[in-house]
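Visitor: Here's a structure for you.
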Amino acid sequence: HTDEALRNGVVGYLIDSLAAPGCNLRYCGWIALALNELASAGVDGLDDARAKCAERLVSDQNHDGGWSVVKDETSIVPITALAIEALWQRKDDESQSAVRRGVDWIKDACRPDGGWSLVRPADDAAENVETLGPEARQIVDRARTRSNAACTAYAMLALVRTHTHHAHVERAAGWLLDERIKHVPGDRSTGGWEVFRERGIRRAEWYTYRHFTTAWALIALCEARGEAFARSRDCLEATHYLLQLQDPVIRPGSADGGGWRTSLDGEPYTWATVNAMAALRAVGRHLAPTSGDRHLAAFRAELAASEA
């Protein structure tokens, strides 16, 4: 619902980005989601770009049914879930077939504890990481072999969106709730979920990507359990933690502050801000505006009293 000039600028940027060098499947998936949202908001003239995104996602699906950042690398949960999210509403046979294969891959990637890690258990053997130091190697090994809340939330959303494997969704919801860091009075770092770090390569250099776990876990649990979760203490504590991650507005009416960081020691980012806003919207969707405000206000008063 923003102004037309800004909207047209965004559309042009997204379409140009599809043809840009280095537009990998992660970028293609997010561009597809953005174009889908714009189309659902009534923006016209996006059919060709959306079809181009879908065509690339379908053609670059790995043989095992999953997706990776670059085709034929090891399939990973976040990119597979992203591709499913981008394709599941399309009606053509190729997209629907790709979604079914992707959902089967997600199901097979579930770990015995009910959560998901970066890869399937069958792909646990680490790739060649001989160039990494001990800390970076530990990040890679942990990301690949242990369930984490970010990948679990991504996988849950893929199954919820496609209305498949309800038993897996429920087990994953239970795993997420068990993994949440319970609120400790006076400790601002508690209440949400641990940040999940993943190692990747960008232009031949290793970097660490930080998934905004709390935002995605809130979205997945709200999608799976609706109002029952939105009114639970688990949701309230996690929402309270999320609100503390917003950069404070230093001067009213200025452009300072207002963004989100992924953890208390992080920096505000655009993508983290978008994730946080999506999470708050997911929670708020299940609460009437006035009752929701009272619900959260009462909870925060309770927290303040307990900490005092």
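By convention in this document, the chains of the structure tokens carry letters A, B, ... by their order, each chain's residues are numbered from 1, and ligands are numbered from 1 in the order they are shown.
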Per DSSP on the backbone, filter region 76-161 of chain A down to the residues in alpha helix (DSSP H) and report them as a PyMOL selection string.
Guide: chain A and resi 77-87+93-109+134-145+149-161
Visitor: May I have the residues within 8 Å of region 281-291 of chain A as an MDAnalysis selection string, using only C-alpha atoms and disregarding those fewer than 6 positions away in the same chain?
Guide: chainID A and resid 218:219 222:223 226:227 230:231
Visitor: May I have the selected residues written with all heavy atoms, as a PDB file, in the first residue's frame?
Guide:
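Resulting contents of part.pdb:
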```
ATOM      1  N   LEU A 218       8.576 -17.993  15.678  1.00  0.00           N
ATOM      2  CA  LEU A 218       7.263 -17.407  15.979  1.00  0.00           C
ATOM      3  C   LEU A 218       6.306 -17.559  14.800  1.00  0.00           C
ATOM      4  O   LEU A 218       5.143 -17.928  14.974  1.00  0.00           O
ATOM      5  CB  LEU A 218       7.421 -15.927  16.329  1.00  0.00           C
ATOM      6  CG  LEU A 218       7.843 -15.595  17.762  1.00  0.00           C
ATOM      7  CD1 LEU A 218       8.212 -14.117  17.881  1.00  0.00           C
ATOM      8  CD2 LEU A 218       6.741 -15.951  18.747  1.00  0.00           C
ATOM      9  N   ILE A 219       6.786 -17.290  13.590  1.00  0.00           N
ATOM     10  CA  ILE A 219       5.938 -17.408  12.409  1.00  0.00           C
ATOM     11  C   ILE A 219       5.466 -18.847  12.232  1.00  0.00           C
ATOM     12  O   ILE A 219       4.276 -19.109  12.013  1.00  0.00           O
ATOM     13  CB  ILE A 219       6.696 -16.930  11.153  1.00  0.00           C
ATOM     14  CG1 ILE A 219       6.981 -15.429  11.241  1.00  0.00           C
ATOM     15  CG2 ILE A 219       5.884 -17.228   9.888  1.00  0.00           C
ATOM     16  CD1 ILE A 219       7.964 -14.929  10.186  1.00  0.00           C
ATOM     17  N   CYS A 222       2.928 -19.883  14.955  1.00  0.00           N
ATOM     18  CA  CYS A 222       1.636 -19.233  14.737  1.00  0.00           C
ATOM     19  C   CYS A 222       0.895 -19.875  13.571  1.00  0.00           C
ATOM     20  O   CYS A 222      -0.320 -20.067  13.624  1.00  0.00           O
ATOM     21  CB  CYS A 222       1.834 -17.742  14.464  1.00  0.00           C
ATOM     22  SG  CYS A 222       2.156 -16.759  15.939  1.00  0.00           S
ATOM     23  N   GLU A 223       1.619 -20.211  12.507  1.00  0.00           N
ATOM     24  CA  GLU A 223       0.987 -20.865  11.355  1.00  0.00           C
ATOM     25  C   GLU A 223       0.475 -22.244  11.736  1.00  0.00           C
ATOM     26  O   GLU A 223      -0.579 -22.684  11.269  1.00  0.00           O
ATOM     27  CB  GLU A 223       1.988 -20.974  10.205  1.00  0.00           C
ATOM     28  CG  GLU A 223       2.377 -19.657   9.585  1.00  0.00           C
ATOM     29  CD  GLU A 223       1.342 -19.155   8.585  1.00  0.00           C
ATOM     30  OE1 GLU A 223       0.448 -19.930   8.211  1.00  0.00           O
ATOM     31  OE2 GLU A 223       1.434 -17.976   8.196  1.00  0.00           O
ATOM     32  N   GLY A 226      -1.910 -21.411  15.572  1.00  0.00           N
ATOM     33  CA  GLY A 226      -2.871 -20.317  15.594  1.00  0.00           C
ATOM     34  C   GLY A 226      -2.997 -19.626  16.939  1.00  0.00           C
ATOM     35  O   GLY A 226      -2.014 -19.405  17.657  1.00  0.00           O
ATOM     36  N   GLU A 227      -4.231 -19.298  17.299  1.00  0.00           N
ATOM     37  CA  GLU A 227      -4.492 -18.506  18.493  1.00  0.00           C
ATOM     38  C   GLU A 227      -4.030 -19.206  19.765  1.00  0.00           C
ATOM     39  O   GLU A 227      -3.598 -18.549  20.723  1.00  0.00           O
ATOM     40  CB  GLU A 227      -5.984 -18.185  18.600  1.00  0.00           C
ATOM     41  CG  GLU A 227      -6.321 -17.275  19.767  1.00  0.00           C
ATOM     42  CD  GLU A 227      -7.796 -16.921  19.828  1.00  0.00           C
ATOM     43  OE1 GLU A 227      -8.525 -17.219  18.856  1.00  0.00           O
ATOM     44  OE2 GLU A 227      -8.224 -16.349  20.850  1.00  0.00           O
ATOM     45  N   ALA A 230      -0.570 -18.165  20.001  1.00  0.00           N
ATOM     46  CA  ALA A 230      -0.424 -16.713  20.108  1.00  0.00           C
ATOM     47  C   ALA A 230      -0.762 -16.209  21.506  1.00  0.00           C
ATOM     48  O   ALA A 230      -0.236 -15.181  21.937  1.00  0.00           O
ATOM     49  CB  ALA A 230      -1.303 -16.025  19.065  1.00  0.00           C
ATOM     50  N   ARG A 231      -1.622 -16.904  22.220  1.00  0.00           N
ATOM     51  CA  ARG A 231      -2.005 -16.480  23.569  1.00  0.00           C
ATOM     52  C   ARG A 231      -1.246 -17.245  24.663  1.00  0.00           C
ATOM     53  O   ARG A 231      -1.562 -17.112  25.842  1.00  0.00           O
ATOM     54  CB  ARG A 231      -3.512 -16.651  23.755  1.00  0.00           C
ATOM     55  CG  ARG A 231      -4.325 -15.650  22.935  1.00  0.00           C
ATOM     56  CD  ARG A 231      -5.800 -15.669  23.297  1.00  0.00           C
ATOM     57  NE  ARG A 231      -6.516 -14.616  22.605  1.00  0.00           N
ATOM     58  CZ  ARG A 231      -6.576 -13.345  22.991  1.00  0.00           C
ATOM     59  NH1 ARG A 231      -5.957 -12.973  24.096  1.00  0.00           N
ATOM     60  NH2 ARG A 231      -7.230 -12.451  22.299  1.00  0.00           N
TER      61      ARG A 231
END
```
Visitor: Which one of A:Asp247, A:Asp113, A:Glu55, A:Asp48 sits closest to Glu94 (chain A) if you count only C-alpha atoms?
Guide: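 The shortest atom-to-atom distance to Glu94 (chain A) comes from A:Glu55.
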Visitor: So the first atom is CA of Ser232 (chain A) and the second is CA of Trp193 (chain A); what is the distance between them in Å, to one decimal place?
Guide: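 Atom-to-atom, CA of Ser232 (chain A) and CA of Trp193 (chain A) are spaced 15.9 Å apart.
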Visitor: Neighbours of Ala34 (chain A) within 10 Å (only C-alpha atoms; same-chain residues fewer than 2 positions away dropped), as a ChimeraX atom specification?
Guide: /A:10-11,14,28-32,36-40,50,86
Visitor: Let me see the file: selected residues, C-alpha atoms, as a PDB file, in the first residue's frame.
Guide:
```
ATOM      1  CA  VAL A  10      11.029  -1.937  -6.264  1.00  0.00           C
ATOM      2  CA  VAL A  11       9.460  -3.941  -9.088  1.00  0.00           C
ATOM      3  CA  LEU A  14      13.591  -7.067  -8.545  1.00  0.00           C
ATOM      4  CA  CYS A  28      15.846 -16.111  -7.010  1.00  0.00           C
ATOM      5  CA  GLY A  29      13.627 -17.598  -4.302  1.00  0.00           C
ATOM      6  CA  TRP A  30      13.371 -14.357  -2.368  1.00  0.00           C
ATOM      7  CA  ILE A  31      12.704 -12.382  -5.553  1.00  0.00           C
ATOM      8  CA  ALA A  32       9.931 -14.850  -6.393  1.00  0.00           C
ATOM      9  CA  ASN A  36       4.202 -13.051  -5.448  1.00  0.00           C
ATOM     10  CA  GLU A  37       3.405 -10.649  -2.606  1.00  0.00           C
ATOM     11  CA  LEU A  38       3.258  -7.691  -4.982  1.00  0.00           C
ATOM     12  CA  ALA A  39       0.957  -9.602  -7.343  1.00  0.00           C
ATOM     13  CA  SER A  40      -1.352 -10.554  -4.479  1.00  0.00           C
ATOM     14  CA  ARG A  50       7.164 -14.651 -11.848  1.00  0.00           C
ATOM     15  CA  ALA A  86       7.820 -19.631  -3.922  1.00  0.00           C
TER      16      ALA A  86
END
```
Visitor: Using only C-alpha atoms, which residues of region 71-147 of chain A come within 12 Å of region 163-186 of chain A, and what is the closest atom pair for each, with the distance in Å to one decimal? Give it as CSV, sorted by chain and residue number.
Guide:
```
residue,atom,partner,partner_atom,distance
A:Trp88,CA,A:His163,CA,10.5
A:Gln89,CA,A:His163,CA,11.9
A:Val99,CA,A:Thr164,CA,11.2
A:Arg100,CA,A:Thr164,CA,9.7
A:Gly102,CA,A:Thr164,CA,11.6
A:Val103,CA,A:Thr164,CA,8.0
A:Asp104,CA,A:His165,CA,9.5
A:Trp105,CA,A:His165,CA,12.0
A:Ile106,CA,A:His165,CA,10.0
A:Lys107,CA,A:His168,CA,7.6
A:Asp108,CA,A:His168,CA,10.5
A:Ala109,CA,A:His168,CA,10.9
A:Cys110,CA,A:His168,CA,8.0
A:Arg111,CA,A:Ala172,CA,9.8
A:Pro112,CA,A:Arg171,CA,10.1
A:Asp113,CA,A:Trp175,CA,7.4
A:Gly114,CA,A:Ala172,CA,5.1
A:Gly115,CA,A:Ala172,CA,5.4
A:Trp116,CA,A:Ala172,CA,8.3
A:Ser117,CA,A:Ala172,CA,11.8
A:Ser147,CA,A:Trp175,CA,9.3
```
Visitor: Kindly save the residues from that selection, with N, CA and C atoms included, as an mmCIF file, in the first residue's frame.
Guide:
```cif
data_model
loop_
_atom_site.group_PDB
_atom_site.id
_atom_site.type_symbol
_atom_site.label_atom_id
_atom_site.label_comp_id
_atom_site.auth_asym_id
_atom_site.auth_seq_id
_atom_site.Cartn_x
_atom_site.Cartn_y
_atom_site.Cartn_z
ATOM 1 N N TRP A 88 4.518 -23.129 -4.369
ATOM 2 C CA TRP A 88 3.405 -24.012 -4.007
ATOM 3 C C TRP A 88 2.043 -23.520 -4.507
ATOM 4 N N GLN A 89 1.898 -22.223 -4.728
ATOM 5 C CA GLN A 89 0.608 -21.708 -5.179
ATOM 6 C C GLN A 89 0.458 -21.716 -6.701
ATOM 7 N N VAL A 99 7.223 -29.115 -6.248
ATOM 8 C CA VAL A 99 6.831 -28.934 -4.853
ATOM 9 C C VAL A 99 6.670 -30.294 -4.164
ATOM 10 N N ARG A 100 6.032 -31.243 -4.817
ATOM 11 C CA ARG A 100 5.849 -32.572 -4.206
ATOM 12 C C ARG A 100 7.194 -33.230 -3.905
ATOM 13 N N GLY A 102 10.015 -31.660 -3.457
ATOM 14 C CA GLY A 102 10.646 -30.894 -2.391
ATOM 15 C C GLY A 102 10.088 -31.232 -1.023
ATOM 16 N N VAL A 103 8.770 -31.396 -0.940
ATOM 17 C CA VAL A 103 8.132 -31.760 0.327
ATOM 18 C C VAL A 103 8.612 -33.136 0.783
ATOM 19 N N ASP A 104 8.738 -34.078 -0.147
ATOM 20 C CA ASP A 104 9.258 -35.400 0.208
ATOM 21 C C ASP A 104 10.684 -35.294 0.746
ATOM 22 N N TRP A 105 11.474 -34.410 0.126
ATOM 23 C CA TRP A 105 12.845 -34.218 0.616
ATOM 24 C C TRP A 105 12.833 -33.654 2.037
ATOM 25 N N ILE A 106 11.989 -32.653 2.282
ATOM 26 C CA ILE A 106 11.874 -32.077 3.625
ATOM 27 C C ILE A 106 11.494 -33.165 4.637
ATOM 28 N N LYS A 107 10.524 -33.978 4.298
ATOM 29 C CA LYS A 107 10.097 -35.058 5.205
ATOM 30 C C LYS A 107 11.267 -35.996 5.515
ATOM 31 N N ASP A 108 12.015 -36.381 4.478
ATOM 32 C CA ASP A 108 13.139 -37.297 4.682
ATOM 33 C C ASP A 108 14.274 -36.649 5.464
ATOM 34 N N ALA A 109 14.332 -35.324 5.450
ATOM 35 C CA ALA A 109 15.407 -34.613 6.150
ATOM 36 C C ALA A 109 15.136 -34.461 7.641
ATOM 37 N N CYS A 110 13.923 -34.802 8.093
ATOM 38 C CA CYS A 110 13.594 -34.668 9.515
ATOM 39 C C CYS A 110 14.485 -35.582 10.353
ATOM 40 N N ARG A 111 14.960 -35.078 11.453
ATOM 41 C CA ARG A 111 15.854 -35.845 12.325
ATOM 42 C C ARG A 111 15.052 -36.607 13.383
ATOM 43 N N PRO A 112 15.657 -37.613 13.985
ATOM 44 C CA PRO A 112 14.927 -38.435 14.958
ATOM 45 C C PRO A 112 14.305 -37.652 16.109
ATOM 46 N N ASP A 113 14.883 -36.490 16.466
ATOM 47 C CA ASP A 113 14.326 -35.712 17.578
ATOM 48 C C ASP A 113 13.136 -34.845 17.159
ATOM 49 N N GLY A 114 12.783 -34.866 15.857
ATOM 50 C CA GLY A 114 11.640 -34.097 15.387
ATOM 51 C C GLY A 114 11.992 -32.758 14.786
ATOM 52 N N GLY A 115 13.265 -32.363 14.860
ATOM 53 C CA GLY A 115 13.705 -31.104 14.282
ATOM 54 C C GLY A 115 14.436 -31.311 12.969
ATOM 55 N N TRP A 116 14.967 -30.221 12.438
ATOM 56 C CA TRP A 116 15.733 -30.270 11.195
ATOM 57 C C TRP A 116 17.054 -29.558 11.386
ATOM 58 N N SER A 117 18.086 -30.029 10.695
ATOM 59 C CA SER A 117 19.354 -29.309 10.608
ATOM 60 C C SER A 117 19.491 -28.771 9.194
ATOM 61 N N SER A 147 19.890 -30.633 14.976
ATOM 62 C CA SER A 147 18.659 -29.874 14.740
ATOM 63 C C SER A 147 18.812 -28.468 15.302
#
```
Visitor: I need the residue nearest Asp64 (chain A) from this list: A:Gln96, A:Leu82, A:Val119, A:Ser189. Use only C-alpha atoms for the distance.
Guide: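 Answer, going by the shortest atom-to-atom distance: A:Val119.
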Visitor: Hey, which of A:Val249, A:Gly66, A:Trp216, A:Arg300 ends up closest to Met277 (chain A)? Count only C-alpha atoms.
Guide: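 Closest to Met277 (chain A), using only C-alpha atoms: A:Trp216.
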Visitor: Would you work out the distance separating CA of Ser59 (chain A) from CA of Ile76 (chain A), expressed in Å to one decimal?
Guide: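 Atom-to-atom, CA of Ser59 (chain A) to CA of Ile76 (chain A), that is 16.7 Å.
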Visitor: Of the residues A:Ala5, A:Ala19, A:Ala98, A:Leu118, which is the one nearest to Ile79 (chain A), using only C-alpha atoms?
Guide: A:Leu118
Visitor: Give me the residues near Ser68 (chain A) as JSON, numbers by chain, where near means some atom within 9 Å (using only C-alpha atoms) and where sequence neighbours in that chain fewer than 6 positions away do not count.
Guide: {"A": [25, 26, 60, 61, 62, 74, 75, 76, 77, 78, 79, 80]}
Visitor: Just to be explicit: take each residue in the selection above, keep all heavy atoms, and write the result as a CSV table (one decimal), in the first residue's frame.
Guide:
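Final output, out.csv:
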```
chain,number,residue,atom,x,y,z
A,25,LEU,N,20.2,-19.3,-6.4
A,25,LEU,CA,18.8,-19.7,-6.1
A,25,LEU,C,18.3,-19.1,-4.8
A,25,LEU,O,17.0,-19.0,-4.7
A,25,LEU,CB,18.8,-21.3,-6.0
A,25,LEU,CG,19.0,-22.0,-7.3
A,25,LEU,CD1,19.0,-23.5,-7.1
A,25,LEU,CD2,17.9,-21.6,-8.3
A,26,ARG,N,19.1,-18.7,-3.9
A,26,ARG,CA,18.6,-18.0,-2.7
A,26,ARG,C,18.0,-16.7,-3.1
A,26,ARG,O,16.9,-16.4,-2.7
A,26,ARG,CB,19.7,-17.8,-1.7
A,26,ARG,CG,19.3,-17.0,-0.5
A,26,ARG,CD,20.4,-16.8,0.5
A,26,ARG,NE,20.5,-18.0,1.4
A,26,ARG,CZ,21.6,-18.5,1.8
A,26,ARG,NH1,22.8,-18.0,1.4
A,26,ARG,NH2,21.7,-19.5,2.6
A,60,ASP,N,16.4,-25.9,-11.7
A,60,ASP,CA,17.6,-26.0,-10.9
A,60,ASP,C,17.4,-26.9,-9.7
A,60,ASP,O,18.2,-26.9,-8.8
A,60,ASP,CB,18.2,-24.7,-10.5
A,60,ASP,CG,18.9,-24.0,-11.7
A,60,ASP,OD1,18.8,-24.6,-12.8
A,60,ASP,OD2,19.5,-22.9,-11.5
A,61,GLN,N,16.2,-27.6,-9.6
A,61,GLN,CA,16.0,-28.5,-8.5
A,61,GLN,C,17.0,-29.6,-8.6
A,61,GLN,O,17.3,-30.2,-9.7
A,61,GLN,CB,14.6,-29.0,-8.5
A,61,GLN,CG,14.2,-29.9,-7.3
A,61,GLN,CD,12.7,-30.2,-7.3
A,61,GLN,OE1,12.1,-30.2,-8.4
A,61,GLN,NE2,12.2,-30.5,-6.2
A,62,ASN,N,17.6,-30.0,-7.4
A,62,ASN,CA,18.5,-31.1,-7.4
A,62,ASN,C,17.8,-32.4,-7.7
A,62,ASN,O,16.6,-32.6,-7.5
A,62,ASN,CB,19.3,-31.1,-6.1
A,62,ASN,CG,20.3,-30.0,-6.0
A,62,ASN,OD1,20.8,-29.5,-7.0
A,62,ASN,ND2,20.7,-29.7,-4.8
A,74,THR,N,25.1,-29.8,-2.2
A,74,THR,CA,24.3,-30.5,-1.3
A,74,THR,C,23.0,-29.7,-1.0
A,74,THR,O,23.0,-28.6,-0.7
A,74,THR,CB,25.0,-30.8,0.0
A,74,THR,OG1,26.2,-31.5,-0.2
A,74,THR,CG2,24.2,-31.6,1.0
A,75,SER,N,21.8,-30.4,-1.1
A,75,SER,CA,20.6,-29.7,-0.8
A,75,SER,C,20.5,-29.4,0.6
A,75,SER,O,21.0,-30.1,1.5
A,75,SER,CB,19.4,-30.7,-1.2
A,75,SER,OG,19.4,-31.0,-2.5
A,76,ILE,N,19.9,-28.2,0.9
A,76,ILE,CA,19.8,-27.7,2.3
A,76,ILE,C,18.4,-27.3,2.6
A,76,ILE,O,17.6,-26.9,1.7
A,76,ILE,CB,20.8,-26.6,2.6
A,76,ILE,CG1,20.6,-25.4,1.7
A,76,ILE,CG2,22.3,-27.1,2.5
A,76,ILE,CD1,21.5,-24.2,2.0
A,77,VAL,N,18.0,-27.3,3.9
A,77,VAL,CA,16.7,-27.1,4.3
A,77,VAL,C,16.2,-25.7,4.0
A,77,VAL,O,15.1,-25.5,3.4
A,77,VAL,CB,16.5,-27.4,5.8
A,77,VAL,CG1,15.2,-26.9,6.3
A,77,VAL,CG2,16.6,-28.9,6.0
A,78,PRO,N,16.9,-24.6,4.3
A,78,PRO,CA,16.4,-23.3,4.1
A,78,PRO,C,16.1,-23.0,2.6
A,78,PRO,O,15.0,-22.4,2.3
A,78,PRO,CB,17.5,-22.3,4.6
A,78,PRO,CG,18.2,-23.1,5.6
A,78,PRO,CD,18.2,-24.5,5.0
A,79,ILE,N,16.9,-23.4,1.7
A,79,ILE,CA,16.7,-23.1,0.3
A,79,ILE,C,15.6,-24.0,-0.3
A,79,ILE,O,14.8,-23.5,-1.1
A,79,ILE,CB,18.0,-23.3,-0.5
A,79,ILE,CG1,19.1,-22.5,0.1
A,79,ILE,CG2,17.8,-23.0,-2.0
A,79,ILE,CD1,18.8,-21.0,0.1
A,80,THR,N,15.5,-25.2,0.2
A,80,THR,CA,14.4,-26.1,-0.2
A,80,THR,C,13.1,-25.5,0.2
A,80,THR,O,12.1,-25.5,-0.5
A,80,THR,CB,14.6,-27.5,0.3
A,80,THR,OG1,15.9,-28.0,-0.2
A,80,THR,CG2,13.5,-28.5,-0.1
```
Visitor: So which residues touch Arg261 (chain A) within 8 Å, counting only C-alpha atoms, skipping near sequence neighbours fewer than 2 positions away, as a PyMOL selection string?
Guide: chain A and resi 245-247+259+263-264+266-269+272-273
Visitor: Can you check which residues of region 8-239 of chain A DSSP gives as strand (DSSP E or B) on the backbone and send them as a ChimeraX atom specification?
Guide: /A:116,148,184,187,196-202,205-211
Visitor: Would you mind exporting N, CA, C and O atoms of the selected residues as a JSON list (two decimals), in the first residue's frame?
Guide:
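Written out: out.json:
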```
[["chain", "number", "residue", "atom", "x", "y", "z"],
["A", 116, "TRP", "N", 14.97, -30.22, 12.44],
["A", 116, "TRP", "CA", 15.73, -30.27, 11.20],
["A", 116, "TRP", "C", 17.05, -29.56, 11.39],
["A", 116, "TRP", "O", 17.15, -28.58, 12.14],
["A", 148, "ASN", "N", 18.27, -27.49, 14.60],
["A", 148, "ASN", "CA", 18.29, -26.12, 15.09],
["A", 148, "ASN", "C", 16.93, -25.48, 14.81],
["A", 148, "ASN", "O", 16.18, -25.94, 13.94],
["A", 184, "VAL", "N", 14.36, -15.46, 31.90],
["A", 184, "VAL", "CA", 14.96, -15.35, 33.23],
["A", 184, "VAL", "C", 14.90, -13.88, 33.63],
["A", 184, "VAL", "O", 15.41, -13.02, 32.91],
["A", 187, "ASP", "N", 17.51, -10.99, 32.71],
["A", 187, "ASP", "CA", 18.40, -11.42, 31.63],
["A", 187, "ASP", "C", 17.72, -11.15, 30.29],
["A", 187, "ASP", "O", 16.85, -11.90, 29.86],
["A", 196, "PHE", "N", 20.94, -19.14, 14.84],
["A", 196, "PHE", "CA", 21.58, -20.23, 14.13],
["A", 196, "PHE", "C", 22.56, -19.66, 13.11],
["A", 196, "PHE", "O", 22.21, -18.82, 12.30],
["A", 197, "ARG", "N", 23.80, -20.11, 13.20],
["A", 197, "ARG", "CA", 24.83, -19.63, 12.28],
["A", 197, "ARG", "C", 25.16, -20.70, 11.25],
["A", 197, "ARG", "O", 25.25, -21.88, 11.57],
["A", 198, "GLU", "N", 25.35, -20.24, 10.02],
["A", 198, "GLU", "CA", 25.65, -21.15, 8.92],
["A", 198, "GLU", "C", 26.83, -20.58, 8.14],
["A", 198, "GLU", "O", 26.91, -19.38, 7.91],
["A", 199, "ARG", "N", 27.77, -21.43, 7.75],
["A", 199, "ARG", "CA", 28.90, -20.98, 6.96],
["A", 199, "ARG", "C", 28.58, -21.10, 5.48],
["A", 199, "ARG", "O", 28.01, -22.07, 5.02],
["A", 200, "GLY", "N", 28.95, -20.07, 4.72],
["A", 200, "GLY", "CA", 28.74, -20.11, 3.28],
["A", 200, "GLY", "C", 29.92, -19.46, 2.57],
["A", 200, "GLY", "O", 30.84, -18.93, 3.20],
["A", 201, "ILE", "N", 29.91, -19.55, 1.25],
["A", 201, "ILE", "CA", 30.97, -18.94, 0.46],
["A", 201, "ILE", "C", 30.36, -17.87, -0.43],
["A", 201, "ILE", "O", 29.37, -18.11, -1.11],
["A", 202, "ARG", "N", 30.93, -16.68, -0.40],
["A", 202, "ARG", "CA", 30.50, -15.59, -1.27],
["A", 202, "ARG", "C", 31.74, -15.06, -1.98],
["A", 202, "ARG", "O", 32.67, -14.61, -1.33],
["A", 205, "GLU", "N", 35.01, -16.38, -0.77],
["A", 205, "GLU", "CA", 35.39, -16.10, 0.61],
["A", 205, "GLU", "C", 34.34, -16.67, 1.56],
["A", 205, "GLU", "O", 33.13, -16.53, 1.33],
["A", 206, "TRP", "N", 34.80, -17.27, 2.65],
["A", 206, "TRP", "CA", 33.87, -17.80, 3.65],
["A", 206, "TRP", "C", 33.25, -16.66, 4.45],
["A", 206, "TRP", "O", 33.91, -15.67, 4.75],
["A", 207, "TYR", "N", 31.97, -16.82, 4.78],
["A", 207, "TYR", "CA", 31.30, -15.85, 5.64],
["A", 207, "TYR", "C", 30.31, -16.60, 6.52],
["A", 207, "TYR", "O", 29.96, -17.75, 6.25],
["A", 208, "THR", "N", 29.87, -15.95, 7.59],
["A", 208, "THR", "CA", 28.89, -16.55, 8.51],
["A", 208, "THR", "C", 27.56, -15.85, 8.34],
["A", 208, "THR", "O", 27.47, -14.64, 8.50],
["A", 209, "TYR", "N", 26.53, -16.64, 8.03],
["A", 209, "TYR", "CA", 25.18, -16.09, 7.89],
["A", 209, "TYR", "C", 24.41, -16.38, 9.17],
["A", 209, "TYR", "O", 24.40, -17.52, 9.65],
["A", 210, "ARG", "N", 23.78, -15.36, 9.73],
["A", 210, "ARG", "CA", 23.03, -15.51, 10.97],
["A", 210, "ARG", "C", 21.53, -15.53, 10.66],
["A", 210, "ARG", "O", 20.97, -14.54, 10.22],
["A", 211, "HIS", "N", 20.89, -16.68, 10.88],
["A", 211, "HIS", "CA", 19.44, -16.77, 10.68],
["A", 211, "HIS", "C", 18.72, -16.15, 11.88],
["A", 211, "HIS", "O", 19.11, -16.37, 13.03]]
```
Visitor: A:Leu243, A:Ala49, A:Arg161, A:Arg144: which is nearest Gly192 (chain A), counting only C-alpha atoms?
Guide: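 Checking each candidate against Gly192 (chain A), we get A:Leu243 as the closest.
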Visitor: At a cut-off of 12 Å, using only C-alpha atoms, what residues contact Glu302 (chain A)? Leave out same-chain residues fewer than 6 positions from it and give the result as a PyMOL selection string.
Guide: chain A and resi 185+233+236-237+240+295-296+308
Visitor: In terms of the shortest atom-to-atom distance over only C-alpha atoms, which of A:Ala228, A:Ala143, A:Ala217, A:Ala41 is closest to Ala155 (chain A)?
Guide: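 For Ala155 (chain A), the nearest of the given residues is A:Ala217.
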